[in-house]
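Chemist: Sharing structure_17.txt (compact mmCIF, C-alpha atoms and all ligand atoms) below.
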```txt
# COMPACT_ATOMS: atom_id res chain seq x y z
CA MET S 1 11.58 -14.27 -106.67
CA LYS S 2 13.31 -16.39 -104.05
CA ILE S 3 14.63 -14.64 -100.96
CA ALA S 4 16.88 -16.34 -98.42
CA VAL S 5 16.10 -14.67 -95.10
CA LEU S 6 18.98 -14.94 -92.62
CA PRO S 7 18.04 -13.09 -89.41
CA GLY S 8 21.14 -14.04 -87.38
CA ASP S 9 21.84 -12.87 -83.83
CA GLY S 10 20.99 -10.13 -81.33
CA ILE S 11 18.73 -7.52 -82.88
CA GLY S 12 19.07 -9.26 -86.29
CA PRO S 13 15.82 -11.25 -85.94
CA GLU S 14 13.98 -8.21 -84.53
CA VAL S 15 14.85 -5.85 -87.38
CA THR S 16 14.47 -8.56 -90.05
CA HIS S 17 10.95 -9.26 -88.79
CA GLU S 18 9.96 -5.65 -89.41
CA ALA S 19 11.49 -5.63 -92.90
CA LEU S 20 9.41 -8.73 -93.68
CA ARG S 21 6.34 -6.96 -92.30
CA VAL S 22 6.92 -4.16 -94.82
CA LEU S 23 7.49 -6.58 -97.73
CA ASP S 24 4.35 -8.43 -96.73
CA ALA S 25 2.34 -5.20 -96.72
CA LEU S 26 3.36 -4.57 -100.35
CA ARG S 27 1.64 -7.84 -101.37
CA LEU S 28 4.15 -8.58 -104.11
CA PRO S 29 3.12 -11.54 -106.23
CA GLY S 30 5.60 -14.37 -106.74
CA LEU S 31 7.71 -13.83 -103.65
CA THR S 32 8.95 -16.96 -101.84
CA LEU S 33 10.85 -16.74 -98.56
CA PHE S 34 13.22 -19.34 -97.13
CA GLU S 35 14.72 -18.91 -93.67
CA GLY S 36 18.17 -20.12 -92.63
CA ASP S 37 20.42 -20.13 -89.56
CA VAL S 38 23.60 -18.03 -89.49
CA GLY S 39 25.97 -16.64 -86.90
CA ALA S 40 25.89 -17.77 -83.29
CA ALA S 41 22.51 -19.37 -84.03
CA GLY S 42 24.12 -21.40 -86.83
CA TYR S 43 27.01 -22.40 -84.60
CA ARG S 44 24.73 -23.48 -81.75
CA ASP S 45 22.42 -25.63 -83.88
CA HIS S 46 24.74 -26.83 -86.66
CA GLY S 47 28.28 -26.40 -85.31
CA HIS S 48 29.15 -23.72 -87.87
CA PRO S 49 28.29 -19.99 -88.25
CA LEU S 50 27.56 -20.55 -91.95
CA PRO S 51 26.10 -24.07 -92.12
CA PRO S 52 26.39 -25.74 -95.56
CA GLU S 53 22.61 -25.91 -95.88
CA THR S 54 22.36 -22.14 -95.33
CA LEU S 55 25.05 -21.44 -97.92
CA GLN S 56 23.23 -23.71 -100.37
CA MET S 57 19.93 -21.89 -99.70
CA ALA S 58 21.67 -18.56 -100.29
CA ARG S 59 23.16 -19.77 -103.58
CA GLU S 60 19.78 -20.94 -104.85
CA ALA S 61 18.02 -17.68 -103.98
CA ASP S 62 17.79 -14.51 -106.11
CA ALA S 63 18.54 -12.33 -103.10
CA ILE S 64 19.52 -12.61 -99.44
CA LEU S 65 17.99 -10.48 -96.72
CA PHE S 66 20.47 -10.52 -93.84
CA GLY S 67 19.93 -9.26 -90.28
CA ALA S 68 23.17 -9.17 -88.28
CA VAL S 69 25.56 -11.63 -86.66
CA GLY S 70 27.72 -11.48 -83.58
CA ASP S 71 27.48 -12.57 -79.96
CA PRO S 72 29.85 -11.70 -77.15
CA SER S 73 29.65 -15.29 -75.90
CA CYS S 74 31.44 -16.36 -79.11
CA ASP S 75 34.32 -13.87 -78.96
CA ASP S 76 36.70 -16.51 -77.60
CA LEU S 77 35.92 -19.17 -80.21
CA GLU S 78 38.50 -19.98 -82.86
CA ARG S 79 38.12 -17.35 -85.56
CA HIS S 80 36.63 -19.66 -88.22
CA LEU S 81 33.79 -20.55 -85.84
CA ARG S 82 32.86 -16.99 -84.86
CA PRO S 83 29.48 -15.59 -85.97
CA GLU S 84 31.07 -12.85 -88.10
CA GLN S 85 32.40 -15.57 -90.41
CA ALA S 86 28.84 -16.06 -91.67
CA VAL S 87 28.65 -12.69 -93.35
CA LEU S 88 32.30 -12.77 -94.41
CA GLY S 89 31.80 -16.27 -95.84
CA LEU S 90 28.68 -15.31 -97.78
CA ARG S 91 30.38 -12.25 -99.26
CA LYS S 92 33.44 -14.27 -100.33
CA GLU S 93 31.70 -17.46 -101.45
CA LEU S 94 29.11 -15.59 -103.49
CA GLN S 95 31.68 -13.07 -104.81
CA LEU S 96 29.69 -10.06 -103.62
CA PHE S 97 32.56 -7.63 -104.11
CA ALA S 98 30.61 -4.37 -104.39
CA ASN S 99 29.09 -2.99 -101.21
CA LEU S 100 26.85 0.05 -101.73
CA ARG S 101 26.17 2.08 -98.60
CA PRO S 102 24.10 5.19 -99.31
CA ALA S 103 23.95 7.95 -96.69
CA THR S 104 21.31 10.59 -97.28
CA MET S 105 19.88 13.17 -94.91
CA PHE S 106 16.25 12.72 -93.98
CA SER S 107 14.10 15.77 -93.67
CA GLY S 108 13.34 16.34 -89.98
CA LEU S 109 16.53 14.72 -88.68
CA GLU S 110 18.86 17.69 -89.18
CA GLU S 111 18.75 18.53 -85.47
CA LEU S 112 19.55 14.93 -84.50
CA SER S 113 22.66 14.56 -86.64
CA GLY S 114 26.02 14.63 -84.89
CA LEU S 115 26.72 17.64 -87.11
CA ARG S 116 25.30 21.13 -87.21
CA PRO S 117 21.95 21.16 -89.07
CA GLU S 118 23.13 23.38 -91.92
CA ILE S 119 25.99 20.95 -92.58
CA ALA S 120 23.93 17.78 -92.06
CA ARG S 121 21.28 18.99 -94.51
CA GLN S 122 23.76 18.64 -97.41
CA ILE S 123 24.46 14.90 -96.99
CA ASP S 124 23.70 12.85 -100.07
CA LEU S 125 26.50 10.41 -100.72
CA LEU S 126 27.14 6.82 -101.66
CA ILE S 127 30.00 4.80 -100.25
CA VAL S 128 31.17 2.11 -102.66
CA ARG S 129 33.16 -0.27 -100.49
CA GLU S 130 35.18 -3.15 -101.90
CA LEU S 131 33.99 -6.21 -99.97
CA THR S 132 35.92 -9.37 -100.78
CA GLY S 133 39.56 -8.31 -100.53
CA ASP S 134 41.93 -6.18 -98.47
CA VAL S 135 43.32 -7.05 -95.05
CA TYR S 136 40.01 -8.82 -94.27
CA PHE S 137 40.82 -11.79 -96.46
CA GLY S 138 44.63 -11.89 -96.47
CA ASP S 139 46.69 -14.48 -94.64
CA LYS S 140 46.61 -13.88 -90.92
CA GLY S 141 47.90 -15.46 -87.81
CA THR S 142 49.67 -15.18 -84.51
CA ARG S 143 53.17 -16.43 -83.82
CA THR S 144 55.91 -16.24 -81.28
CA THR S 145 58.87 -14.19 -82.42
CA ASP S 146 62.51 -15.17 -81.95
CA SER S 147 62.62 -12.97 -78.87
CA GLY S 148 59.73 -14.93 -77.41
CA GLU S 149 56.92 -12.39 -77.58
CA ARG S 150 53.54 -12.94 -79.27
CA GLU S 151 52.89 -11.24 -82.58
CA GLY S 152 49.70 -10.96 -84.62
CA TRP S 153 49.70 -10.30 -88.35
CA ASP S 154 47.21 -9.72 -91.15
CA MET S 155 48.24 -9.39 -94.76
CA MET S 156 46.79 -6.45 -96.70
CA SER S 157 46.71 -6.74 -100.48
CA TYR S 158 44.69 -5.83 -103.54
CA SER S 159 45.18 -7.20 -107.03
CA GLU S 160 44.77 -5.04 -110.07
CA SER S 161 41.62 -6.87 -111.21
CA GLU S 162 39.99 -6.49 -107.79
CA VAL S 163 40.55 -2.73 -107.85
CA ARG S 164 39.49 -2.41 -111.50
CA ARG S 165 36.09 -4.06 -111.09
CA ILE S 166 35.09 -2.06 -108.01
CA ALA S 167 36.34 1.13 -109.68
CA HIS S 168 34.03 0.46 -112.62
CA THR S 169 31.13 -0.02 -110.18
CA ALA S 170 31.91 3.34 -108.56
CA PHE S 171 32.36 5.27 -111.82
CA ARG S 172 29.10 3.87 -113.18
CA ALA S 173 27.33 4.81 -109.93
CA ALA S 174 28.73 8.35 -110.21
CA GLN S 175 27.31 8.61 -113.73
CA THR S 176 23.82 8.02 -112.33
CA ARG S 177 24.38 10.69 -109.64
CA GLN S 178 26.42 13.92 -109.61
CA ASN S 179 29.34 12.64 -111.72
CA ARG S 180 31.82 13.11 -108.89
CA LEU S 181 34.00 10.38 -107.42
CA THR S 182 36.35 10.53 -104.45
CA SER S 183 38.70 7.58 -104.19
CA VAL S 184 39.87 7.14 -100.61
CA ASP S 185 43.17 5.42 -99.83
CA LYS S 186 46.37 5.69 -97.81
CA ALA S 187 48.77 5.87 -100.77
CA ASN S 188 51.19 8.04 -98.79
CA VAL S 189 52.03 5.00 -96.65
CA LEU S 190 50.69 1.77 -98.14
CA GLU S 191 51.80 -0.02 -101.33
CA THR S 192 48.33 -1.58 -101.53
CA SER S 193 46.90 1.93 -101.71
CA GLN S 194 49.41 3.13 -104.31
CA LEU S 195 48.36 0.32 -106.62
CA TRP S 196 44.71 1.15 -105.82
CA ARG S 197 45.29 4.75 -106.83
CA ASP S 198 47.18 3.86 -110.01
CA VAL S 199 44.43 1.49 -111.18
CA VAL S 200 41.64 3.95 -110.38
CA ILE S 201 43.45 6.56 -112.51
CA GLU S 202 43.66 4.05 -115.37
CA VAL S 203 39.96 3.19 -115.17
CA ALA S 204 39.06 6.90 -115.05
CA VAL S 205 40.10 7.25 -118.70
CA GLU S 206 36.91 5.39 -119.63
CA TYR S 207 34.76 7.88 -117.70
CA PRO S 208 35.74 11.37 -118.89
CA ASP S 209 32.39 12.73 -117.67
CA VAL S 210 33.19 11.84 -114.03
CA ALA S 211 35.35 14.21 -111.96
CA LEU S 212 37.81 12.09 -109.97
CA GLU S 213 39.69 13.17 -106.87
CA HIS S 214 41.89 11.19 -104.49
CA MET S 215 41.87 11.64 -100.74
CA TYR S 216 43.80 10.05 -97.90
CA VAL S 217 41.55 8.19 -95.52
CA ASP S 218 42.44 10.26 -92.46
CA ASN S 219 41.54 13.45 -94.31
CA ALA S 220 38.38 11.77 -95.67
CA ALA S 221 37.20 11.05 -92.12
CA MET S 222 37.76 14.67 -91.23
CA GLN S 223 36.11 16.02 -94.40
CA LEU S 224 33.07 13.79 -93.88
CA VAL S 225 32.43 15.62 -90.64
CA LYS S 226 33.48 19.05 -91.89
CA ALA S 227 31.69 19.13 -95.23
CA PRO S 228 29.87 15.89 -96.08
CA GLY S 229 27.92 17.73 -98.78
CA ALA S 230 31.12 17.90 -100.84
CA PHE S 231 30.98 14.12 -101.48
CA ASP S 232 28.98 12.35 -104.14
CA VAL S 233 30.40 8.82 -104.59
CA VAL S 234 33.15 7.64 -102.25
CA LEU S 235 35.15 4.65 -103.51
CA THR S 236 37.28 2.81 -101.00
CA GLY S 237 38.61 -0.52 -99.81
CA ASN S 238 37.11 -3.00 -97.41
CA LEU S 239 38.58 -1.76 -94.11
CA PHE S 240 38.39 1.99 -94.77
CA GLY S 241 34.84 1.58 -96.11
CA ASP S 242 33.76 -0.26 -92.98
CA ILE S 243 34.99 2.54 -90.74
CA LEU S 244 33.86 5.48 -92.89
CA SER S 245 30.33 4.10 -93.26
CA ASP S 246 29.76 3.92 -89.50
CA LEU S 247 31.08 7.49 -89.33
CA ALA S 248 28.72 8.60 -92.12
CA SER S 249 25.77 7.04 -90.30
CA MET S 250 26.19 9.36 -87.33
CA CYS S 251 26.38 12.33 -89.67
CA VAL S 252 22.89 11.32 -90.81
CA GLY S 253 21.73 10.71 -87.25
CA SER S 254 21.96 7.02 -86.38
CA ILE S 255 23.52 3.76 -87.43
CA GLY S 256 19.98 2.41 -87.36
CA LEU S 257 19.27 4.24 -90.62
CA LEU S 258 21.95 3.05 -93.03
CA ALA S 259 21.18 0.24 -95.48
CA SER S 260 23.46 -1.68 -97.79
CA ALA S 261 23.51 -3.82 -100.90
CA SER S 262 26.34 -6.26 -101.64
CA LEU S 263 26.47 -7.15 -105.30
CA GLY S 264 28.59 -9.21 -107.67
CA ASP S 265 28.36 -10.06 -111.36
CA ARG S 266 25.68 -12.75 -111.24
CA GLN S 267 22.45 -11.74 -112.91
CA THR S 268 19.00 -13.02 -111.98
CA ALA S 269 15.80 -12.94 -114.00
CA HIS S 270 15.04 -9.36 -112.98
CA GLY S 271 18.34 -7.87 -111.83
CA THR S 272 21.53 -8.64 -109.95
CA PHE S 273 21.95 -11.29 -107.28
CA GLY S 274 22.75 -9.60 -103.99
CA LEU S 275 22.85 -9.63 -100.21
CA TYR S 276 21.04 -6.84 -98.37
CA GLU S 277 21.75 -5.89 -94.77
CA PRO S 278 21.85 -2.93 -92.44
CA ILE S 279 25.38 -1.61 -91.86
CA HIS S 280 25.01 -2.08 -88.11
CA GLY S 281 25.68 -5.21 -86.10
CA SER S 282 23.79 -7.37 -83.65
CA ALA S 283 23.79 -4.67 -80.93
CA PRO S 284 24.04 -7.04 -77.94
CA ASP S 285 23.50 -4.09 -75.57
CA ILE S 286 19.88 -3.66 -76.70
CA ALA S 287 19.08 -7.13 -78.09
CA GLY S 288 15.88 -8.82 -76.98
CA GLN S 289 14.37 -5.60 -75.68
CA GLY S 290 12.45 -4.55 -78.79
CA LYS S 291 14.39 -1.27 -78.86
CA ALA S 292 16.23 -1.54 -82.18
CA ASN S 293 15.50 0.78 -85.06
CA PRO S 294 14.51 -1.48 -87.99
CA MET S 295 14.68 1.30 -90.60
CA ALA S 296 18.15 0.33 -91.88
CA THR S 297 16.90 -3.19 -92.58
CA ILE S 298 13.65 -1.94 -94.08
CA LEU S 299 15.67 0.31 -96.39
CA SER S 300 17.91 -2.66 -97.23
CA ALA S 301 14.78 -4.55 -98.34
CA ALA S 302 14.00 -1.58 -100.60
CA MET S 303 17.49 -1.86 -102.12
CA MET S 304 16.79 -5.56 -102.68
CA LEU S 305 13.61 -4.80 -104.62
CA ARG S 306 15.50 -2.26 -106.74
CA HIS S 307 18.71 -4.19 -107.49
CA SER S 308 17.66 -7.85 -107.50
CA PHE S 309 14.05 -7.68 -108.63
CA GLY S 310 13.85 -4.57 -110.80
CA LEU S 311 10.99 -3.22 -108.65
CA GLU S 312 11.98 0.47 -108.62
CA ASP S 313 8.49 1.79 -107.85
CA GLU S 314 8.07 -0.54 -104.87
CA ALA S 315 11.58 0.33 -103.63
CA LYS S 316 10.65 4.02 -103.80
CA ARG S 317 7.41 3.37 -101.94
CA ILE S 318 9.35 1.89 -99.03
CA GLU S 319 11.94 4.68 -99.03
CA ASP S 320 9.23 7.34 -99.15
CA ALA S 321 7.36 5.65 -96.30
CA VAL S 322 10.49 5.64 -94.13
CA ALA S 323 11.21 9.28 -95.00
CA ARG S 324 7.63 10.27 -94.18
CA ALA S 325 7.72 8.33 -90.89
CA LEU S 326 10.87 10.21 -89.88
CA LYS S 327 9.36 13.51 -90.95
CA ASN S 328 6.28 12.71 -88.84
CA GLY S 329 8.45 12.25 -85.75
CA ILE S 330 8.61 8.44 -85.65
CA ARG S 331 11.74 7.90 -83.53
CA GLY S 332 13.41 4.97 -81.84
CA GLY S 333 15.73 5.31 -78.87
CA ASP S 334 18.67 5.77 -81.23
CA LEU S 335 17.11 9.07 -82.33
CA GLY S 336 16.06 10.22 -78.88
CA GLY S 337 12.52 8.83 -79.16
CA ASP S 338 10.73 6.06 -77.32
CA MET S 339 9.22 3.95 -80.08
CA GLY S 340 10.10 0.26 -80.25
CA CYS S 341 11.12 -1.87 -83.18
CA GLU S 342 7.65 -3.25 -83.90
CA ALA S 343 5.93 0.14 -83.59
CA ILE S 344 8.39 1.64 -86.05
CA GLY S 345 7.82 -1.23 -88.51
CA LYS S 346 4.07 -0.70 -88.29
CA ALA S 347 4.43 3.07 -88.66
CA VAL S 348 6.34 2.52 -91.92
CA CYS S 349 3.69 0.08 -93.17
CA GLU S 350 0.94 2.62 -92.50
CA ARG S 351 2.75 5.09 -94.76
CA LEU S 352 3.39 2.79 -97.72
P1 LIG R 1 26.73 -2.60 -83.46
O1 LIG R 1 26.47 -1.94 -84.77
O2 LIG R 1 26.08 -3.91 -83.24
O3 LIG R 1 26.30 -1.61 -82.27
C1 LIG R 1 26.96 -0.38 -82.04
C2 LIG R 1 26.06 0.55 -81.22
O4 LIG R 1 24.98 0.98 -82.05
C3 LIG R 1 25.42 -0.15 -80.03
O5 LIG R 1 25.31 0.76 -78.97
C4 LIG R 1 24.03 -0.52 -80.54
O6 LIG R 1 23.04 -0.60 -79.55
C5 LIG R 1 23.73 0.62 -81.52
N1 LIG R 1 22.87 0.15 -82.63
C6 LIG R 1 23.26 -0.63 -83.67
N2 LIG R 1 22.21 -0.87 -84.46
C7 LIG R 1 21.14 -0.24 -83.92
C8 LIG R 1 19.76 -0.13 -84.30
N3 LIG R 1 19.28 -0.73 -85.40
N4 LIG R 1 18.94 0.59 -83.51
C9 LIG R 1 19.43 1.21 -82.41
N5 LIG R 1 20.71 1.14 -82.01
C10 LIG R 1 21.56 0.42 -82.75
O7 LIG R 1 28.32 -2.72 -83.32
P2 LIG R 1 29.22 -3.44 -82.19
O8 LIG R 1 28.61 -3.23 -80.85
O9 LIG R 1 30.57 -3.01 -82.44
O10 LIG R 1 29.14 -4.98 -82.57
C11 LIG R 1 28.25 -5.90 -81.96
C12 LIG R 1 28.37 -7.25 -82.68
O11 LIG R 1 27.87 -7.13 -84.02
C13 LIG R 1 29.81 -7.73 -82.82
O12 LIG R 1 29.81 -9.12 -82.64
C14 LIG R 1 30.18 -7.38 -84.23
O13 LIG R 1 31.18 -8.20 -84.78
C15 LIG R 1 28.86 -7.57 -84.94
N6 LIG R 1 28.68 -6.84 -86.21
C16 LIG R 1 28.03 -7.51 -87.20
C17 LIG R 1 27.72 -6.87 -88.38
C18 LIG R 1 27.02 -7.64 -89.47
O14 LIG R 1 26.38 -8.63 -89.18
N7 LIG R 1 27.08 -7.24 -90.71
C19 LIG R 1 28.04 -5.52 -88.53
C20 LIG R 1 28.69 -4.85 -87.48
C21 LIG R 1 28.99 -5.52 -86.32
C1 LIG R 2 29.93 -4.62 -91.44
C2 LIG R 2 30.54 -5.36 -90.28
C3 LIG R 2 31.38 -6.53 -90.76
C4 LIG R 2 32.53 -5.95 -91.55
C5 LIG R 2 31.91 -7.47 -89.69
C6 LIG R 2 30.83 -8.01 -88.81
C7 LIG R 2 32.64 -8.62 -90.30
O1 LIG R 2 31.25 -4.49 -89.46
O2 LIG R 2 29.24 -5.27 -92.24
O3 LIG R 2 30.09 -3.42 -91.54
O4 LIG R 2 33.54 -5.54 -90.98
O5 LIG R 2 32.41 -5.90 -92.78
MN MN R 3 30.94 -2.39 -89.96
```
Please render this file's structure as structure tokens.
Ligand code: NAD
Ligand code: IPM
Ligand code: MN

Modeler:
Amino acid sequence: MKIAVLPGDGIGPEVTHEALRVLDALRLPGLTLFEGDVGAAGYRDHGHPLPPETLQMAREADAILFGAVGDPSCDDLERHLRPEQAVLGLRKELQLFANLRPATMFSGLEELSGLRPEIARQIDLLIVRELTGDVYFGDKGTRTTDSGEREGWDMMSYSESEVRRIAHTAFRAAQTRQNRLTSVDKANVLETSQLWRDVVIEVAVEYPDVALEHMYVDNAAMQLVKAPGAFDVVLTGNLFGDILSDLASMCVGSIGLLASASLGDRQTAHGTFGLYEPIHGSAPDIAGQGKANPMATILSAAMMLRHSFGLEDEAKRIEDAVARALKNGIRGGDLGGDMGCEAIGKAVCERL
């Protein structure tokens, strides 16, 4: 079981360290860790946010545990040299098209959600976000128009096959849950979304046991706040999924709680090759202060054990330990508490 550990920038190394502490405490036999540079760290030491040697290490691993990338000092670099290209490059190069972002309420956090407790209590949903297409990866550029003003442009598109494979992922996920799927698009305005909707309807024929509904993304944002309990699986594109998952995190209570798995088709000895990362970023405002909540990364490590290594029991042990820690009042600054990153990591370990 080879894991490429890519801590990255800002709070990335801090939260990754605590996830490794938890993995270490499980004493899993046969685990080998390799560490690589990505993001601003990769750019500084190797001249590129995703150095070739890091990409090679990631390819040769069974799973990637990723912290976060991003550094304000790099925001003026040419786009292909910016830290964010590390995670975008890994997703694209390794064809990790299916991003699973579960959002579930934790007992004890109802009062800390951005929503009223009786509404927050109902949250148990899974966002299935397409991850290698959409406006993220279309042609883009800036130009000067005939009238002499600057213009920026980004091409949004989805091919039929891209929509079909992520739709299958979402339908199959719904079959393991409540058999309900909400496909989120903007088909009232965008051609890309109309094709998305048409293809999802075609795929639905193969899943008669799953109840499918379609929702425009603006309404979906509103409904997620109004009645998040009405959602089971939410299927959406790359950009909408990015935005809705940050929104869902605050319904649960903090962005420091939401994990993710990015999967493709490649199988490993015990599961599916994947990249696992918190949904949050490098949080430059709190980096280096030991204040970050590592739970999202710890829960991402649990998803790694489940999806890439077939270790369901161990994944559950981690998730239960995090849930119990939260129930026992273990809180970082993001949840109104005063515990630091390391203390939270240790508190989870004690409850394994
Ligand atoms: P962010 O997620 O880094 O931070 C948003 C806010 O949430 C900040 O106030 C931050 O302090 C807080 N926060 C985030 N994670 C936290 C945690 N674990 N514990 C406590 N508080 C936490 O988003 P941003 O500020 O928009 O972006 C900062 C940088 O991160 C940018 O360069 C951005 O491109 C990058 N980014 C990277 C990833 C990734 O690596 N996958 C994801 C999102 C953003
Ligand atoms: C995320 C991040 C990334 C995204 C950025 C850093 C490229 O926001 O993983 O949610 O937009 O996918
Ligand atoms: Mn995001």

Chemist: Smallest atom-to-atom distance to ligand LIG 1 (chain R): which of S:Ala323, S:Leu263, S:Ala301, S:Ala296, using all atoms listed in the file?

Modeler: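 Looking only at the distances to ligand LIG 1 (chain R), the closest residue turns out to be S:Ala296.
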
Chemist: Could I get the residues of chain S with an atom no further than 10 Å from an atom of ligand MN 3 (chain R), each paired with its nearest atom pair and that distance in Å to one decimal, using only C-alpha atoms and all ligand atoms, sorted by chain and residue number, as CSV?

Modeler:
```
residue,atom,partner,partner_atom,distance
S:Asn238,CA,R:MN3,MN,9.7
S:Leu239,CA,R:MN3,MN,8.7
S:Phe240,CA,R:MN3,MN,9.9
S:Gly241,CA,R:MN3,MN,8.3
S:Asp242,CA,R:MN3,MN,4.6
S:Ile243,CA,R:MN3,MN,6.4
S:Leu244,CA,R:MN3,MN,8.9
S:Ser245,CA,R:MN3,MN,7.3
S:Asp246,CA,R:MN3,MN,6.4
S:Leu247,CA,R:MN3,MN,9.9
S:Ile255,CA,R:MN3,MN,10.0
S:Pro278,CA,R:MN3,MN,9.4
S:Ile279,CA,R:MN3,MN,5.9
S:His280,CA,R:MN3,MN,6.2
S:Gly281,CA,R:MN3,MN,7.1
```

Chemist: List the neighbours of stretch 36-43 of chain S out to 9 Å using all atoms listed in the file; skip same-chain residues closer than 2 positions along the sequence, and give me the result as a PyMOL selection string.

Modeler: chain S and resi 4-9+34+45-51+53-55+57-58+68-71+73-74+81-87

Chemist: Write the residues of the preceding selection, restricted to C-alpha atoms, as a JSON list (two decimals), in the coordinates of the input.

Modeler:
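selection_27.json, written as the output of this step:
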```
[["chain", "number", "residue", "atom", "x", "y", "z"],
["S", 4, "ALA", "CA", 16.88, -16.34, -98.42],
["S", 5, "VAL", "CA", 16.10, -14.67, -95.10],
["S", 6, "LEU", "CA", 18.98, -14.94, -92.62],
["S", 7, "PRO", "CA", 18.04, -13.09, -89.41],
["S", 8, "GLY", "CA", 21.14, -14.04, -87.38],
["S", 9, "ASP", "CA", 21.84, -12.87, -83.83],
["S", 34, "PHE", "CA", 13.22, -19.34, -97.13],
["S", 45, "ASP", "CA", 22.42, -25.63, -83.88],
["S", 46, "HIS", "CA", 24.74, -26.83, -86.66],
["S", 47, "GLY", "CA", 28.28, -26.40, -85.31],
["S", 48, "HIS", "CA", 29.15, -23.72, -87.87],
["S", 49, "PRO", "CA", 28.29, -19.99, -88.25],
["S", 50, "LEU", "CA", 27.56, -20.55, -91.95],
["S", 51, "PRO", "CA", 26.10, -24.07, -92.12],
["S", 53, "GLU", "CA", 22.61, -25.91, -95.88],
["S", 54, "THR", "CA", 22.36, -22.14, -95.33],
["S", 55, "LEU", "CA", 25.05, -21.44, -97.92],
["S", 57, "MET", "CA", 19.93, -21.89, -99.70],
["S", 58, "ALA", "CA", 21.67, -18.56, -100.29],
["S", 68, "ALA", "CA", 23.17, -9.17, -88.28],
["S", 69, "VAL", "CA", 25.56, -11.63, -86.66],
["S", 70, "GLY", "CA", 27.72, -11.48, -83.58],
["S", 71, "ASP", "CA", 27.48, -12.57, -79.96],
["S", 73, "SER", "CA", 29.65, -15.29, -75.90],
["S", 74, "CYS", "CA", 31.44, -16.36, -79.11],
["S", 81, "LEU", "CA", 33.79, -20.55, -85.84],
["S", 82, "ARG", "CA", 32.86, -16.99, -84.86],
["S", 83, "PRO", "CA", 29.48, -15.59, -85.97],
["S", 84, "GLU", "CA", 31.07, -12.85, -88.10],
["S", 85, "GLN", "CA", 32.40, -15.57, -90.41],
["S", 86, "ALA", "CA", 28.84, -16.06, -91.67],
["S", 87, "VAL", "CA", 28.65, -12.69, -93.35]]
```

Chemist: Could you check the closest approach to S:Gly333 for each of S:Arg306, S:Lys291, S:Lys2, S:Arg351 and tell me which residue wins, using all atoms listed in the file?

Modeler: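 Comparing S:Arg306, S:Lys291, S:Lys2, S:Arg351 against S:Gly333, the winner is S:Lys291.
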
Chemist: Would you pick out the contacts of stretch 204-217 of chain S at 10 Å or less, using only C-alpha atoms, so that residues sharing its chain but fewer than 2 positions from it are not included, and give the list as a compact mmCIF listing (two decimals) with C-alpha atoms, in the coordinates of the input?

Modeler:
```
# COMPACT_ATOMS: atom_id res chain seq x y z
CA ARG S 164 39.49 -2.41 -111.50
CA ALA S 167 36.34 1.13 -109.68
CA HIS S 168 34.03 0.46 -112.62
CA PHE S 171 32.36 5.27 -111.82
CA ARG S 172 29.10 3.87 -113.18
CA ALA S 174 28.73 8.35 -110.21
CA GLN S 175 27.31 8.61 -113.73
CA ARG S 177 24.38 10.69 -109.64
CA GLN S 178 26.42 13.92 -109.61
CA ASN S 179 29.34 12.64 -111.72
CA ARG S 180 31.82 13.11 -108.89
CA LEU S 181 34.00 10.38 -107.42
CA THR S 182 36.35 10.53 -104.45
CA SER S 183 38.70 7.58 -104.19
CA VAL S 184 39.87 7.14 -100.61
CA ASP S 185 43.17 5.42 -99.83
CA LYS S 186 46.37 5.69 -97.81
CA ALA S 187 48.77 5.87 -100.77
CA ASN S 188 51.19 8.04 -98.79
CA VAL S 189 52.03 5.00 -96.65
CA SER S 193 46.90 1.93 -101.71
CA ARG S 197 45.29 4.75 -106.83
CA VAL S 199 44.43 1.49 -111.18
CA VAL S 200 41.64 3.95 -110.38
CA ILE S 201 43.45 6.56 -112.51
CA GLU S 202 43.66 4.05 -115.37
CA ASN S 219 41.54 13.45 -94.31
CA ALA S 220 38.38 11.77 -95.67
CA ALA S 221 37.20 11.05 -92.12
CA MET S 222 37.76 14.67 -91.23
CA GLN S 223 36.11 16.02 -94.40
CA VAL S 233 30.40 8.82 -104.59
CA VAL S 234 33.15 7.64 -102.25
CA LEU S 235 35.15 4.65 -103.51
CA THR S 236 37.28 2.81 -101.00
CA PHE S 240 38.39 1.99 -94.77
CA GLY S 241 34.84 1.58 -96.11
CA ILE S 243 34.99 2.54 -90.74
CA LEU S 244 33.86 5.48 -92.89
```

Chemist: Between S:Arg101, S:Lys316, S:Arg116, S:Arg165, which is the closest to ligand LIG 2 (chain R) once you count only C-alpha atoms and all ligand atoms?

Modeler: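 So, comparing all the options, the nearest one is S:Arg101.
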
Chemist: Provide the atom CA of S:Ala25 to atom CA of S:Leu96 distance in Å, to one decimal place.

Modeler: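 So the two atoms, atom CA of S:Ala25 and atom CA of S:Leu96, lie 28.6 Å apart.
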
Chemist: Smallest atom-to-atom distance to ligand LIG 2 (chain R): which of S:Gly264, S:Gly336, S:Gly141, S:Gly89, using all atoms listed in the file?

Modeler: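 Comparing S:Gly264, S:Gly336, S:Gly141, S:Gly89 against ligand LIG 2 (chain R), the winner is S:Gly89.
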
Chemist: Quick one: pull the distance between atom C7 of ligand LIG 1 (chain R) and atom CA of S:Ala302, Å, one decimal.

Modeler: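 Spanning atom C7 of ligand LIG 1 (chain R) to atom CA of S:Ala302 is a straight-line distance of 18.2 Å.
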
Chemist: With all atoms listed in the file as the basis for distance, which of S:Glu111, S:Glu191, S:Asp198, S:Asp134 is at the shortest distance from S:Gly237?

Modeler: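 For S:Gly237, the nearest of the given residues is S:Asp134.
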